[in-house]
Amino acid sequence: MKKRSVYILLIIVAFTTKVSAQTPVAQGDTALKGTTIEVIQSYKPEIKQATKPESTPSLPPIETTHPNFIYNVPAQNLFYTYGSLPLRPLALDKDSVKNPFPSYIKAALGNLSTTYFDAGTGGLQGKNYETAFHLHSLTQKGSIQYQQSSLNDLQADGSYHTNGIVLHAGIGALYNQFYYYGYDHEKLKYNSDSLKQSFTGFKIGIDMQNEANGNSKLSYHPALSVSSYADKFNATEIGYSFDIPVHYQLDTSLQIAAIVKGNLVQLKSGNINTDNNILSIGPGLIYHKGVFNGYAYGTATMGKKGGTQFLPDIAASFGIHNNSIVFSTGWQGLLHQNTYEQLSTENPYIYNHYEVKQTYSNEIYGAINGKVGDHINYSGRISFWHYNDMPLYVNNAYDQKQFNILYDNSLDGVSLAGQIHYKVSNVFAVGFGTTIFNNSSSTTSHLWGIPGFKLKADLLVHPLKGLAITGYLNMLDGIYVPINGNLNNPDKLKAIFDLGANVEYDLINRLSVFVQINNVLNGQNQRWLGYTAYGFNIYGGIRFKF
């Protein structure tokens, strides 16, 4: 064995020597001896922002029951959870394409003397700027004398990007017209001019924000705005607002913040001027690590009453099962100004001269939101409320066609809110959301004009290519009113049940036809006592995209 091993070794040495002799080395060349080359690839992953799901290519159904179902109390937040795209390089995904038709014009006619016009454009944009314009108009006239309204608004805004800064400006204007028709037409006679009410509003705002990048730990977003709001009967409200939030990233998990904001409003009604101001300043912390998120703000706030109030805004949440279920809890205090614009938007039939009080609300809540599989999203929330000076709406005792503002000095209540949404791509979607509010103690016998139960449902179906069918359901109940303005003579309005649908079909890429139906069951709904809503309403028209 030893001899065989020696023979093999001699053969290998001889062969190696021969190969080396046949391969001459050029003069001046240097042979690499045992050099190891390491190739290191540096890769920084990027997350592509998840696109917002598009439930329908058409605008949502137009609300034609006036006044619009807009409620501020109690404020509820329904959470719609959408799964984000997985972490992957941008090269592995297709970038979003430019919308071939960024502008549209939509027009229609229908019963109830309905005229509808809606137009918008987002096509005026470039490498460093983008703009958007929107115009909307809806006029209707019902079967009741003076039951008619006209809603018109215009919005325009634009952004400009330069040196890591986004400069933004926006302008909004509105003109809404209503009539006071909620009185006994057989006993009382009024001329049309005394019943006609119109609201004119204008607002302009500017703001600046540094764009997110990995080099700066400081972020800021100051904003300024000026607004004007007036009615036909010599009431004018001027407002100035500013908001200066600043955030600084201490590390990957923790941010510190500082906020200074204010809203200065003056209401002039006839010869009476009323100041309605709020100023706030305070620090904050934002923490995020793993499945845990939390923030804590505390602002010293000075309002109309004078003195300083501490308004907390604290929340924490954590997720389980890869964040498919998220639990959260929080404590939030707010001071509401109850401006004339806010109150008349909710109820356009109020007097323009009222005692201005600011409402303090305090909410402690617990919530859950999540998803089941790829198609079901849900959320639930329970809140414990305390209000000081919450505005309620009471008909005047004489003709009941206008409403006085009555404040509930101290109110405690509990609300339950929940929603569930099922969606299959862009083919089918259905959702339900409900809110229940129960007051446990208050300084008034009932929450006049405030619904205790709300239900909203929506439906989307794409049965054929180019055909979209949407539907909606609005239901309100638990609305108590004092008969003839007598607080000791309460009554409960019938439940509001409003069902509607929209059908739109694309004739060609640029042109489609649509039909909108509201109050299918022709219900005699009354959101406000004496003001029966429009009955069955149908209108149709075309939409042209360009």
# chains A, B, ... in the order shown; residues from 1 in each chain; ligands from 1
>>> select_by_dssp(residues="region 178-373 of chain A", states="strand (DSSP E or B)", output="ChimeraX atom specification")
/A:178-179,196-210,218-220,223-231,235-249,254-269,272-289,292-302,309-320,325-336,350,359-372
>>> residues_around(residues="Tyr181 (chain A)", least_positions_apart="3", cutoff="12 Å", atoms="only C-alpha atoms", output="VMD selection string")
chain A and resid 66 141 to 149 178 184 to 186 188 to 192 194 to 197 348 to 349 399 to 402 528 to 533
>>> residues_around(residues="region 156-169 of chain A", least_positions_apart="6", cutoff="7 Å", atoms="only C-alpha atoms", output="JSON, numbers by chain")
{"A": [128, 129, 130, 131, 132, 133, 134, 205, 206, 207, 208, 209, 210, 211]}
>>> closest_residue(among="A:Tyr480, A:Tyr472, A:Tyr387, A:Tyr354", to="Gly413 (chain A)", atoms="only C-alpha atoms")
A:Tyr387
>>> residues_around(residues="Asn489 (chain A)", least_positions_apart="6", cutoff="12 Å", atoms="only C-alpha atoms", output="ChimeraX atom specification")
/A:394,397,445-446,448,480-483
>>> write_last_selection(atoms="C-alpha atoms", output="PDB file, in the first residue's frame")
ATOM      1  CA  VAL A 394     -86.192  72.684  19.104  1.00  0.00           C
ATOM      2  CA  ALA A 397     -93.537  77.605  19.458  1.00  0.00           C
ATOM      3  CA  SER A 445     -85.604  64.935  29.106  1.00  0.00           C
ATOM      4  CA  HIS A 446     -84.619  63.977  25.532  1.00  0.00           C
ATOM      5  CA  TRP A 448     -84.094  66.844  20.838  1.00  0.00           C
ATOM      6  CA  TYR A 480     -87.552  62.921  19.713  1.00  0.00           C
ATOM      7  CA  VAL A 481     -89.145  66.332  19.213  1.00  0.00           C
ATOM      8  CA  PRO A 482     -91.169  68.666  21.479  1.00  0.00           C
ATOM      9  CA  ILE A 483     -94.651  69.281  20.087  1.00  0.00           C
TER      10      ILE A 483
END
>>> atom_distance(atom1="CA of Asn352 (chain A)", atom2="CA of Val226 (chain A)")
20.9 Å
>>> residues_around(residues="Leu254 (chain A)", least_positions_apart="6", cutoff="9 Å", atoms="only C-alpha atoms", output="MDAnalysis selection string")
chainID A and resid 248 285:289
>>> write_last_selection(atoms="C-alpha atoms", output="PDB file, in the first residue's frame")
ATOM      1  CA  TYR A 248     -39.027  65.039  15.120  1.00  0.00           C
ATOM      2  CA  LEU A 285     -45.317  61.513  21.573  1.00  0.00           C
ATOM      3  CA  ILE A 286     -45.729  58.886  18.847  1.00  0.00           C
ATOM      4  CA  TYR A 287     -44.433  55.355  19.346  1.00  0.00           C
ATOM      5  CA  HIS A 288     -44.362  52.425  16.947  1.00  0.00           C
ATOM      6  CA  LYS A 289     -42.620  49.107  17.374  1.00  0.00           C
TER       7      LYS A 289
END
>>> select_by_dssp(residues="region 138-348 of chain A", states="helix (DSSP H, G or I)", output="number ranges by chain")
A: 192-195, 340-346
>>> write_last_selection(atoms="all heavy atoms", output="PDB file, in the first residue's frame")
ATOM      1  N   SER A 192     -93.052  84.357  -0.578  1.00  0.00           N
ATOM      2  CA  SER A 192     -91.889  83.532  -0.878  1.00  0.00           C
ATOM      3  C   SER A 192     -90.584  84.177  -0.432  1.00  0.00           C
ATOM      4  O   SER A 192     -89.641  83.487  -0.032  1.00  0.00           O
ATOM      5  CB  SER A 192     -91.827  83.224  -2.378  1.00  0.00           C
ATOM      6  OG  SER A 192     -91.708  84.420  -3.128  1.00  0.00           O
ATOM      7  N   ASP A 193     -90.522  85.526  -0.488  1.00  0.00           N
ATOM      8  CA  ASP A 193     -89.273  86.189  -0.135  1.00  0.00           C
ATOM      9  C   ASP A 193     -88.937  86.031   1.347  1.00  0.00           C
ATOM     10  O   ASP A 193     -87.771  85.917   1.718  1.00  0.00           O
ATOM     11  CB  ASP A 193     -89.358  87.679  -0.492  1.00  0.00           C
ATOM     12  CG  ASP A 193     -88.012  88.364  -0.388  1.00  0.00           C
ATOM     13  OD1 ASP A 193     -87.097  87.967  -1.139  1.00  0.00           O
ATOM     14  OD2 ASP A 193     -87.880  89.270   0.456  1.00  0.00           O
ATOM     15  N   SER A 194     -89.954  85.994   2.205  1.00  0.00           N
ATOM     16  CA  SER A 194     -89.706  85.833   3.634  1.00  0.00           C
ATOM     17  C   SER A 194     -89.341  84.398   3.997  1.00  0.00           C
ATOM     18  O   SER A 194     -88.808  84.142   5.078  1.00  0.00           O
ATOM     19  CB  SER A 194     -90.936  86.260   4.432  1.00  0.00           C
ATOM     20  OG  SER A 194     -92.037  85.410   4.151  1.00  0.00           O
ATOM     21  N   LEU A 195     -89.621  83.439   3.103  1.00  0.00           N
ATOM     22  CA  LEU A 195     -89.326  82.033   3.365  1.00  0.00           C
ATOM     23  C   LEU A 195     -88.031  81.561   2.713  1.00  0.00           C
ATOM     24  O   LEU A 195     -87.525  80.496   3.051  1.00  0.00           O
ATOM     25  CB  LEU A 195     -90.477  81.152   2.858  1.00  0.00           C
ATOM     26  CG  LEU A 195     -91.848  81.378   3.498  1.00  0.00           C
ATOM     27  CD1 LEU A 195     -92.890  80.534   2.784  1.00  0.00           C
ATOM     28  CD2 LEU A 195     -91.811  81.046   4.985  1.00  0.00           C
ATOM     29  N   TYR A 340     -71.854  79.063  13.144  1.00  0.00           N
ATOM     30  CA  TYR A 340     -73.089  79.133  12.367  1.00  0.00           C
ATOM     31  C   TYR A 340     -73.007  78.238  11.128  1.00  0.00           C
ATOM     32  O   TYR A 340     -73.985  77.581  10.744  1.00  0.00           O
ATOM     33  CB  TYR A 340     -73.359  80.583  11.965  1.00  0.00           C
ATOM     34  CG  TYR A 340     -74.668  80.800  11.250  1.00  0.00           C
ATOM     35  CD1 TYR A 340     -75.851  80.210  11.695  1.00  0.00           C
ATOM     36  CD2 TYR A 340     -74.728  81.602  10.111  1.00  0.00           C
ATOM     37  CE1 TYR A 340     -77.051  80.414  11.034  1.00  0.00           C
ATOM     38  CE2 TYR A 340     -75.925  81.820   9.449  1.00  0.00           C
ATOM     39  CZ  TYR A 340     -77.085  81.213   9.911  1.00  0.00           C
ATOM     40  OH  TYR A 340     -78.278  81.408   9.253  1.00  0.00           O
ATOM     41  N   GLU A 341     -71.823  78.173  10.522  1.00  0.00           N
ATOM     42  CA  GLU A 341     -71.654  77.303   9.361  1.00  0.00           C
ATOM     43  C   GLU A 341     -71.831  75.840   9.752  1.00  0.00           C
ATOM     44  O   GLU A 341     -72.487  75.069   9.037  1.00  0.00           O
ATOM     45  CB  GLU A 341     -70.272  77.518   8.737  1.00  0.00           C
ATOM     46  CG  GLU A 341     -70.028  76.656   7.508  1.00  0.00           C
ATOM     47  CD  GLU A 341     -68.686  76.938   6.856  1.00  0.00           C
ATOM     48  OE1 GLU A 341     -67.912  77.747   7.405  1.00  0.00           O
ATOM     49  OE2 GLU A 341     -68.424  76.340   5.801  1.00  0.00           O
ATOM     50  N   GLN A 342     -71.275  75.419  10.872  1.00  0.00           N
ATOM     51  CA  GLN A 342     -71.406  74.032  11.308  1.00  0.00           C
ATOM     52  C   GLN A 342     -72.865  73.667  11.600  1.00  0.00           C
ATOM     53  O   GLN A 342     -73.373  72.644  11.129  1.00  0.00           O
ATOM     54  CB  GLN A 342     -70.545  73.791  12.552  1.00  0.00           C
ATOM     55  CG  GLN A 342     -69.050  73.867  12.302  1.00  0.00           C
ATOM     56  CD  GLN A 342     -68.246  73.887  13.584  1.00  0.00           C
ATOM     57  OE1 GLN A 342     -68.785  74.058  14.675  1.00  0.00           O
ATOM     58  NE2 GLN A 342     -66.935  73.734  13.462  1.00  0.00           N
ATOM     59  N   LEU A 343     -73.537  74.492  12.366  1.00  0.00           N
ATOM     60  CA  LEU A 343     -74.906  74.174  12.774  1.00  0.00           C
ATOM     61  C   LEU A 343     -75.891  74.269  11.619  1.00  0.00           C
ATOM     62  O   LEU A 343     -76.798  73.442  11.495  1.00  0.00           O
ATOM     63  CB  LEU A 343     -75.333  75.102  13.918  1.00  0.00           C
ATOM     64  CG  LEU A 343     -74.518  74.996  15.207  1.00  0.00           C
ATOM     65  CD1 LEU A 343     -75.071  75.943  16.268  1.00  0.00           C
ATOM     66  CD2 LEU A 343     -74.497  73.571  15.737  1.00  0.00           C
ATOM     67  N   SER A 344     -75.741  75.263  10.740  1.00  0.00           N
ATOM     68  CA  SER A 344     -76.677  75.396   9.625  1.00  0.00           C
ATOM     69  C   SER A 344     -76.409  74.378   8.533  1.00  0.00           C
ATOM     70  O   SER A 344     -77.290  74.104   7.711  1.00  0.00           O
ATOM     71  CB  SER A 344     -76.606  76.815   9.044  1.00  0.00           C
ATOM     72  OG  SER A 344     -75.331  77.090   8.509  1.00  0.00           O
ATOM     73  N   THR A 345     -75.228  73.805   8.494  1.00  0.00           N
ATOM     74  CA  THR A 345     -74.978  72.702   7.575  1.00  0.00           C
ATOM     75  C   THR A 345     -75.707  71.454   8.034  1.00  0.00           C
ATOM     76  O   THR A 345     -76.257  70.700   7.219  1.00  0.00           O
ATOM     77  CB  THR A 345     -73.474  72.421   7.461  1.00  0.00           C
ATOM     78  OG1 THR A 345     -72.810  73.584   6.954  1.00  0.00           O
ATOM     79  CG2 THR A 345     -73.196  71.250   6.533  1.00  0.00           C
ATOM     80  N   GLU A 346     -75.745  71.238   9.343  1.00  0.00           N
ATOM     81  CA  GLU A 346     -76.491  70.103   9.877  1.00  0.00           C
ATOM     82  C   GLU A 346     -77.992  70.347   9.795  1.00  0.00           C
ATOM     83  O   GLU A 346     -78.756  69.452   9.419  1.00  0.00           O
ATOM     84  CB  GLU A 346     -76.083  69.845  11.330  1.00  0.00           C
ATOM     85  CG  GLU A 346     -76.766  68.638  11.941  1.00  0.00           C
ATOM     86  CD  GLU A 346     -76.264  68.335  13.342  1.00  0.00           C
ATOM     87  OE1 GLU A 346     -75.507  69.152  13.901  1.00  0.00           O
ATOM     88  OE2 GLU A 346     -76.632  67.277  13.873  1.00  0.00           O
TER      89      GLU A 346
END
>>> closest_residue(among="A:Thr121, A:Asn395, A:Asn404, A:Ser383", to="Asn99 (chain A)", atoms="only C-alpha atoms")
A:Thr121
